[in-house]
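Structure record follows, encoded as structure tokens.
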Amino acid sequence: GEGIYHILALTAVAIWGTTFVSTKLLLAEGMTPAEIMFYRFLIAYLALKLYKPTFRLPESWRDEALFAAAGLTGGSLYFLTENMALVVFNGSFILKIQPAGDLLTLAAALTWALYNICLKKLDGRHSTLEITRKVFFYGVVTLLPVFAFTPLRFDTALFRNPVVAANLLFLGLVASLFCFAVWNTAVKHLGTVKTSNYI
């Protein structure tokens with residue numbers, strides 16, 4: 001029945017709810033929201049690429065455009081707006097009106113809704129793993145223009161820090177790779193509306 005897919009969606013949302021803590025810790029270590037998103041998606045993409053290195057080519061440029069749109073909406077745009085809204089503009093759990101943060105939160109919700117629409121258009125023709133890998137790839141690619149304004153740092157000393165390494169691995173392998181795979185599976189079987197209720 002559908003029960004397992006409801007459990008998958010709930011599991012993904014529960015794990016995503018804990019990412020606030022990891023993101024705050026990484027920000028405290030000097031990383032920017034864009035750097036955090038870049039490295040977590042890069043880790044997820046490389047892990048998935050190692051697990052299943054070959055995927056069939058898209059059947060059309062329309063599909064590739066949908067993959068890119070999914071990577072943009074569910075990747076770079078969503079995580080930039082969400083991280084800036086929940087972490088940068090509202091650093092505590094105190095509920096209060098903050099227009100910039102509130103507008104960014106609304107923008108994040110809208111981009112996530114568009115991501116789910118892209119998923120539904122793709123899931124009949126492509127496997128969940130293929131869609132997930134492409135989302136990570138285009139999420140990384142569409143984030144690159146941000147680094148023209150705030151250059152991406154690759155500091156080996158930073159990555160040797162156990163706090164940074166552990167939290168990036170959690171965000172990349174669990175909160176990104178695992179959660180996106182199970183979320184995309186839930187959307188495939190339950191549909192966009194039912195699954196999105198868990199968000």
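Here's how to read the names in the structure tokens: chain A, B, ... by the order shown, residue numbers from 1 in each chain, ligand numbers from 1 in the order shown.
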
Open item on the list: Which of range 4-63 of chain A end up as helix (DSSP H, G or I) when DSSP is run on this backbone - answer as a VMD selection string?
Closed with: chain A and resid 4 to 28 33 to 51 61 to 63

Hey, what's within 12 Å of Thr81 in chain A if we count only C-alpha atoms and toss same-chain stuff fewer than 5 positions away? As a list in words, please?
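Close residues of Thr81 in chain A: Pro33, Ala34, Met37, Leu72, Thr73, Gly74, Gly75, Ser76, Leu86, Val87, Val88, Phe89, Ala100, Gly101, Asp102, Leu103, Leu104, Thr105, Leu106, Ala107, Ala108, Ala109, Leu110, Thr111 and Trp112 of chain A.
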
Generate a file of the selected residues that holds N, CA, C and O atoms, formatted as a short mmCIF file (atom, residue, chain, number, x, y, z; two decimals), in the first residue's frame.
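Below is the file part01.cif, written as the result:
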data_model
loop_
_atom_site.label_atom_id
_atom_site.label_comp_id
_atom_site.auth_asym_id
_atom_site.auth_seq_id
_atom_site.Cartn_x
_atom_site.Cartn_y
_atom_site.Cartn_z
N PRO A 33 26.37 30.19 3.52
CA PRO A 33 25.28 29.31 3.07
C PRO A 33 25.54 28.71 1.69
O PRO A 33 25.24 27.54 1.45
N ALA A 34 26.11 29.51 0.77
CA ALA A 34 26.39 29.00 -0.58
C ALA A 34 27.45 27.91 -0.55
O ALA A 34 27.34 26.90 -1.26
N MET A 37 25.86 24.65 0.86
CA MET A 37 25.02 23.99 -0.14
C MET A 37 25.87 23.35 -1.23
O MET A 37 25.61 22.23 -1.67
N LEU A 72 17.72 23.70 -10.18
CA LEU A 72 17.66 25.12 -9.81
C LEU A 72 16.66 25.35 -8.68
O LEU A 72 16.98 25.99 -7.67
N THR A 73 15.44 24.81 -8.84
CA THR A 73 14.39 25.08 -7.87
C THR A 73 14.55 24.27 -6.58
O THR A 73 14.39 24.80 -5.48
N GLY A 74 14.88 22.99 -6.70
CA GLY A 74 15.04 22.15 -5.52
C GLY A 74 16.44 22.16 -4.96
O GLY A 74 16.68 21.62 -3.88
N GLY A 75 17.35 22.79 -5.68
CA GLY A 75 18.75 22.85 -5.26
C GLY A 75 19.18 24.24 -4.89
O GLY A 75 18.92 24.72 -3.79
N SER A 76 19.80 24.94 -5.84
CA SER A 76 20.45 26.21 -5.52
C SER A 76 19.48 27.27 -4.98
O SER A 76 19.73 27.86 -3.94
N LEU A 86 16.23 31.18 7.45
CA LEU A 86 16.13 30.55 8.78
C LEU A 86 17.37 30.73 9.60
O LEU A 86 17.33 30.64 10.82
N VAL A 87 18.53 30.91 8.95
CA VAL A 87 19.79 30.93 9.68
C VAL A 87 20.37 32.33 9.79
O VAL A 87 20.76 32.78 10.86
N VAL A 88 20.41 33.04 8.69
CA VAL A 88 21.06 34.35 8.68
C VAL A 88 20.16 35.43 9.26
O VAL A 88 20.58 36.21 10.12
N PHE A 89 18.88 35.47 8.82
CA PHE A 89 18.01 36.55 9.26
C PHE A 89 17.30 36.27 10.57
O PHE A 89 16.78 37.16 11.21
N ALA A 100 12.44 40.62 5.71
CA ALA A 100 13.39 40.03 4.76
C ALA A 100 13.43 38.51 4.91
O ALA A 100 13.37 37.77 3.92
N GLY A 101 13.52 38.04 6.14
CA GLY A 101 13.56 36.60 6.38
C GLY A 101 12.26 35.92 6.00
O GLY A 101 12.25 34.83 5.43
N ASP A 102 11.13 36.59 6.28
CA ASP A 102 9.83 36.02 5.95
C ASP A 102 9.63 35.91 4.45
O ASP A 102 9.09 34.91 3.95
N LEU A 103 10.06 36.92 3.71
CA LEU A 103 9.95 36.87 2.24
C LEU A 103 10.84 35.78 1.66
O LEU A 103 10.46 35.09 0.71
N LEU A 104 12.03 35.60 2.23
CA LEU A 104 12.92 34.53 1.77
C LEU A 104 12.32 33.16 2.07
O LEU A 104 12.45 32.23 1.27
N THR A 105 11.65 33.03 3.21
CA THR A 105 10.98 31.78 3.56
C THR A 105 9.88 31.46 2.56
O THR A 105 9.73 30.32 2.11
N LEU A 106 9.11 32.47 2.19
CA LEU A 106 8.05 32.30 1.19
C LEU A 106 8.65 31.91 -0.16
O LEU A 106 8.14 31.02 -0.85
N ALA A 107 9.74 32.56 -0.53
CA ALA A 107 10.41 32.23 -1.79
C ALA A 107 10.91 30.78 -1.79
O ALA A 107 10.80 30.07 -2.79
N ALA A 108 11.44 30.33 -0.65
CA ALA A 108 11.90 28.95 -0.54
C ALA A 108 10.74 27.97 -0.73
O ALA A 108 10.88 26.97 -1.44
N ALA A 109 9.61 28.27 -0.12
CA ALA A 109 8.44 27.40 -0.26
C ALA A 109 7.96 27.33 -1.71
O ALA A 109 7.60 26.26 -2.22
N LEU A 110 7.98 28.47 -2.39
CA LEU A 110 7.55 28.50 -3.79
C LEU A 110 8.50 27.72 -4.69
O LEU A 110 8.06 26.99 -5.60
N THR A 111 9.81 27.86 -4.46
CA THR A 111 10.76 27.12 -5.28
C THR A 111 10.63 25.61 -5.04
O THR A 111 10.77 24.82 -5.98
N TRP A 112 10.35 25.21 -3.79
CA TRP A 112 10.17 23.79 -3.50
C TRP A 112 8.92 23.24 -4.19
O TRP A 112 8.90 22.10 -4.68
#

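Reported to one decimal place, the separation of CA of Ala166 in chain A from CA of Ala181 in chain A is 20.7 Å.
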
For a quick check of understanding, using only C-alpha atoms, which of A:Thr142, A:Val135, A:Thr128, A:Leu119 has the smallest distance to Leu80 in chain A?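 Looking at the shortest contact to Leu80 in chain A, the residue is A:Thr142.
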
So that I can see what lies close to Ile131 in chain A, please list as a PDB file with N, CA and C atoms, in the first residue's frame the residues with an atom at most 12 Å from it, counting only C-alpha atoms and leaving out residues fewer than 5 positions away in the same chain.
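The result, written out as out-v9.pdb:
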ATOM      1  N   TYR A  45      26.371  14.156  -4.958  1.00  0.00           N
ATOM      2  CA  TYR A  45      26.514  13.816  -6.383  1.00  0.00           C
ATOM      3  C   TYR A  45      27.637  12.803  -6.592  1.00  0.00           C
ATOM      4  N   LEU A  48      26.688   9.322  -5.288  1.00  0.00           N
ATOM      5  CA  LEU A  48      25.738   8.667  -6.180  1.00  0.00           C
ATOM      6  C   LEU A  48      26.403   8.250  -7.484  1.00  0.00           C
ATOM      7  N   PHE A  55      24.242   6.207 -16.357  1.00  0.00           N
ATOM      8  CA  PHE A  55      22.822   6.468 -16.491  1.00  0.00           C
ATOM      9  C   PHE A  55      22.510   6.645 -17.974  1.00  0.00           C
ATOM     10  N   ARG A  56      21.293   6.302 -18.367  1.00  0.00           N
ATOM     11  CA  ARG A  56      20.954   6.503 -19.775  1.00  0.00           C
ATOM     12  C   ARG A  56      20.784   7.986 -20.067  1.00  0.00           C
ATOM     13  N   LEU A  57      21.054   8.326 -21.309  1.00  0.00           N
ATOM     14  CA  LEU A  57      20.940   9.724 -21.711  1.00  0.00           C
ATOM     15  C   LEU A  57      19.474  10.146 -21.738  1.00  0.00           C
ATOM     16  N   PRO A  58      19.197  11.437 -21.497  1.00  0.00           N
ATOM     17  CA  PRO A  58      17.808  11.912 -21.592  1.00  0.00           C
ATOM     18  C   PRO A  58      17.249  11.682 -22.991  1.00  0.00           C
ATOM     19  N   ASP A  63      13.532  17.041 -21.468  1.00  0.00           N
ATOM     20  CA  ASP A  63      13.833  16.365 -20.211  1.00  0.00           C
ATOM     21  C   ASP A  63      15.049  16.986 -19.533  1.00  0.00           C
ATOM     22  N   GLU A  64      16.074  17.288 -20.328  1.00  0.00           N
ATOM     23  CA  GLU A  64      17.277  17.883 -19.740  1.00  0.00           C
ATOM     24  C   GLU A  64      16.967  19.255 -19.146  1.00  0.00           C
ATOM     25  N   LEU A  66      14.102  20.086 -17.884  1.00  0.00           N
ATOM     26  CA  LEU A  66      13.376  19.811 -16.639  1.00  0.00           C
ATOM     27  C   LEU A  66      14.332  19.405 -15.517  1.00  0.00           C
ATOM     28  N   PHE A  67      15.367  18.626 -15.864  1.00  0.00           N
ATOM     29  CA  PHE A  67      16.387  18.283 -14.872  1.00  0.00           C
ATOM     30  C   PHE A  67      17.061  19.555 -14.342  1.00  0.00           C
ATOM     31  N   ALA A  68      17.398  20.453 -15.277  1.00  0.00           N
ATOM     32  CA  ALA A  68      18.054  21.703 -14.880  1.00  0.00           C
ATOM     33  C   ALA A  68      17.119  22.543 -14.005  1.00  0.00           C
ATOM     34  N   ALA A  69      15.838  22.585 -14.377  1.00  0.00           N
ATOM     35  CA  ALA A  69      14.860  23.341 -13.588  1.00  0.00           C
ATOM     36  C   ALA A  69      14.707  22.733 -12.194  1.00  0.00           C
ATOM     37  N   ALA A  70      14.728  21.409 -12.114  1.00  0.00           N
ATOM     38  CA  ALA A  70      14.636  20.740 -10.806  1.00  0.00           C
ATOM     39  C   ALA A  70      15.865  21.041  -9.953  1.00  0.00           C
ATOM     40  N   GLY A  71      17.045  21.046 -10.581  1.00  0.00           N
ATOM     41  CA  GLY A  71      18.273  21.368  -9.847  1.00  0.00           C
ATOM     42  C   GLY A  71      18.292  22.807  -9.365  1.00  0.00           C
ATOM     43  N   GLY A  74      14.884  22.987  -6.703  1.00  0.00           N
ATOM     44  CA  GLY A  74      15.036  22.154  -5.522  1.00  0.00           C
ATOM     45  C   GLY A  74      16.441  22.162  -4.957  1.00  0.00           C
ATOM     46  N   TYR A 115       9.840  22.654  -7.697  1.00  0.00           N
ATOM     47  CA  TYR A 115      10.671  21.446  -7.772  1.00  0.00           C
ATOM     48  C   TYR A 115       9.795  20.195  -7.854  1.00  0.00           C
ATOM     49  N   ASN A 116       8.780  20.127  -7.014  1.00  0.00           N
ATOM     50  CA  ASN A 116       7.903  18.957  -7.020  1.00  0.00           C
ATOM     51  C   ASN A 116       7.124  18.817  -8.320  1.00  0.00           C
ATOM     52  N   CYS A 118       8.337  19.739 -11.250  1.00  0.00           N
ATOM     53  CA  CYS A 118       9.343  19.185 -12.167  1.00  0.00           C
ATOM     54  C   CYS A 118       9.485  17.681 -11.972  1.00  0.00           C
ATOM     55  N   LEU A 119       9.481  17.225 -10.711  1.00  0.00           N
ATOM     56  CA  LEU A 119       9.594  15.790 -10.430  1.00  0.00           C
ATOM     57  C   LEU A 119       8.482  14.998 -11.093  1.00  0.00           C
ATOM     58  N   LYS A 120       7.260  15.492 -10.967  1.00  0.00           N
ATOM     59  CA  LYS A 120       6.123  14.768 -11.525  1.00  0.00           C
ATOM     60  C   LYS A 120       6.206  14.670 -13.038  1.00  0.00           C
ATOM     61  N   LYS A 121       6.793  15.664 -13.672  1.00  0.00           N
ATOM     62  CA  LYS A 121       6.922  15.627 -15.135  1.00  0.00           C
ATOM     63  C   LYS A 121       8.015  14.663 -15.584  1.00  0.00           C
ATOM     64  N   LEU A 122       8.950  14.345 -14.678  1.00  0.00           N
ATOM     65  CA  LEU A 122      10.082  13.484 -15.031  1.00  0.00           C
ATOM     66  C   LEU A 122       9.910  12.034 -14.595  1.00  0.00           C
ATOM     67  N   ASP A 123       9.144  11.799 -13.524  1.00  0.00           N
ATOM     68  CA  ASP A 123       9.211  10.479 -12.900  1.00  0.00           C
ATOM     69  C   ASP A 123       8.617   9.341 -13.716  1.00  0.00           C
ATOM     70  N   GLY A 124       7.838   9.643 -14.708  1.00  0.00           N
ATOM     71  CA  GLY A 124       7.309   8.569 -15.538  1.00  0.00           C
ATOM     72  C   GLY A 124       8.326   8.018 -16.519  1.00  0.00           C
ATOM     73  N   ARG A 125       9.355   8.798 -16.796  1.00  0.00           N
ATOM     74  CA  ARG A 125      10.319   8.410 -17.837  1.00  0.00           C
ATOM     75  C   ARG A 125      11.711   8.115 -17.302  1.00  0.00           C
ATOM     76  N   HIS A 126      11.982   8.439 -16.044  1.00  0.00           N
ATOM     77  CA  HIS A 126      13.333   8.276 -15.492  1.00  0.00           C
ATOM     78  C   HIS A 126      13.270   7.676 -14.102  1.00  0.00           C
ATOM     79  N   PHE A 136      21.246  16.950  -8.146  1.00  0.00           N
ATOM     80  CA  PHE A 136      22.491  17.360  -7.490  1.00  0.00           C
ATOM     81  C   PHE A 136      23.439  18.030  -8.485  1.00  0.00           C
ATOM     82  N   PHE A 137      23.552  17.458  -9.678  1.00  0.00           N
ATOM     83  CA  PHE A 137      24.458  18.022 -10.689  1.00  0.00           C
ATOM     84  C   PHE A 137      24.053  19.451 -11.041  1.00  0.00           C
ATOM     85  N   TYR A 138      22.781  19.634 -11.376  1.00  0.00           N
ATOM     86  CA  TYR A 138      22.335  20.974 -11.768  1.00  0.00           C
ATOM     87  C   TYR A 138      22.223  21.918 -10.570  1.00  0.00           C
ATOM     88  N   GLY A 139      22.025  21.373  -9.386  1.00  0.00           N
ATOM     89  CA  GLY A 139      22.069  22.213  -8.187  1.00  0.00           C
ATOM     90  C   GLY A 139      23.438  22.840  -8.010  1.00  0.00           C
ATOM     91  N   LEU A 177      21.636  13.095  -0.100  1.00  0.00           N
ATOM     92  CA  LEU A 177      21.533  11.873  -0.895  1.00  0.00           C
ATOM     93  C   LEU A 177      20.373  10.986  -0.448  1.00  0.00           C
ATOM     94  N   PHE A 180      16.781  13.092  -0.389  1.00  0.00           N
ATOM     95  CA  PHE A 180      16.255  13.418  -1.717  1.00  0.00           C
ATOM     96  C   PHE A 180      15.784  12.153  -2.430  1.00  0.00           C
ATOM     97  N   ALA A 181      16.528  11.047  -2.270  1.00  0.00           N
ATOM     98  CA  ALA A 181      16.133   9.793  -2.920  1.00  0.00           C
ATOM     99  C   ALA A 181      14.789   9.302  -2.387  1.00  0.00           C
ATOM    100  N   VAL A 182      14.616   9.314  -1.044  1.00  0.00           N
ATOM    101  CA  VAL A 182      13.351   8.816  -0.493  1.00  0.00           C
ATOM    102  C   VAL A 182      12.210   9.803  -0.756  1.00  0.00           C
ATOM    103  N   TRP A 183      12.511  11.104  -0.740  1.00  0.00           N
ATOM    104  CA  TRP A 183      11.472  12.091  -1.046  1.00  0.00           C
ATOM    105  C   TRP A 183      10.996  11.941  -2.492  1.00  0.00           C
ATOM    106  N   ASN A 184      11.948  11.815  -3.416  1.00  0.00           N
ATOM    107  CA  ASN A 184      11.589  11.669  -4.826  1.00  0.00           C
ATOM    108  C   ASN A 184      10.794  10.383  -5.059  1.00  0.00           C
ATOM    109  N   THR A 185      11.128   9.326  -4.303  1.00  0.00           N
ATOM    110  CA  THR A 185      10.369   8.079  -4.388  1.00  0.00           C
ATOM    111  C   THR A 185       8.945   8.284  -3.881  1.00  0.00           C
ATOM    112  N   VAL A 187       7.233  11.106  -3.814  1.00  0.00           N
ATOM    113  CA  VAL A 187       6.501  11.929  -4.790  1.00  0.00           C
ATOM    114  C   VAL A 187       6.049  11.075  -5.970  1.00  0.00           C
ATOM    115  N   LYS A 188       6.912  10.158  -6.402  1.00  0.00           N
ATOM    116  CA  LYS A 188       6.574   9.295  -7.543  1.00  0.00           C
ATOM    117  C   LYS A 188       5.328   8.459  -7.254  1.00  0.00           C
TER     118      LYS A 188
END

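Nearest to Leu158 in chain A of all the residues A:Leu10, A:Leu27, A:Leu42, A:Ser22 is A:Leu27, counting only C-alpha atoms.
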
*Could you pull the residues within 12 Å of Glu29 in chain A, counting only C-alpha atoms, minus those fewer than 2 positions along the same chain, as an MDAnalysis selection string?*
chainID A and resid 22:27 31:33 35:36 155 157:165 167:168

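Here CA of Leu8 in chain A is placed at a distance of 21.7 Å from CA of Val21 in chain A.
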
- If you measure from CA of Phe38 in chain A to CA of Val140 in chain A, what distance in Å do you get, rounded to one decimal?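 For CA of Phe38 in chain A relative to CA of Val140 in chain A, the distance reads 5.8 Å.
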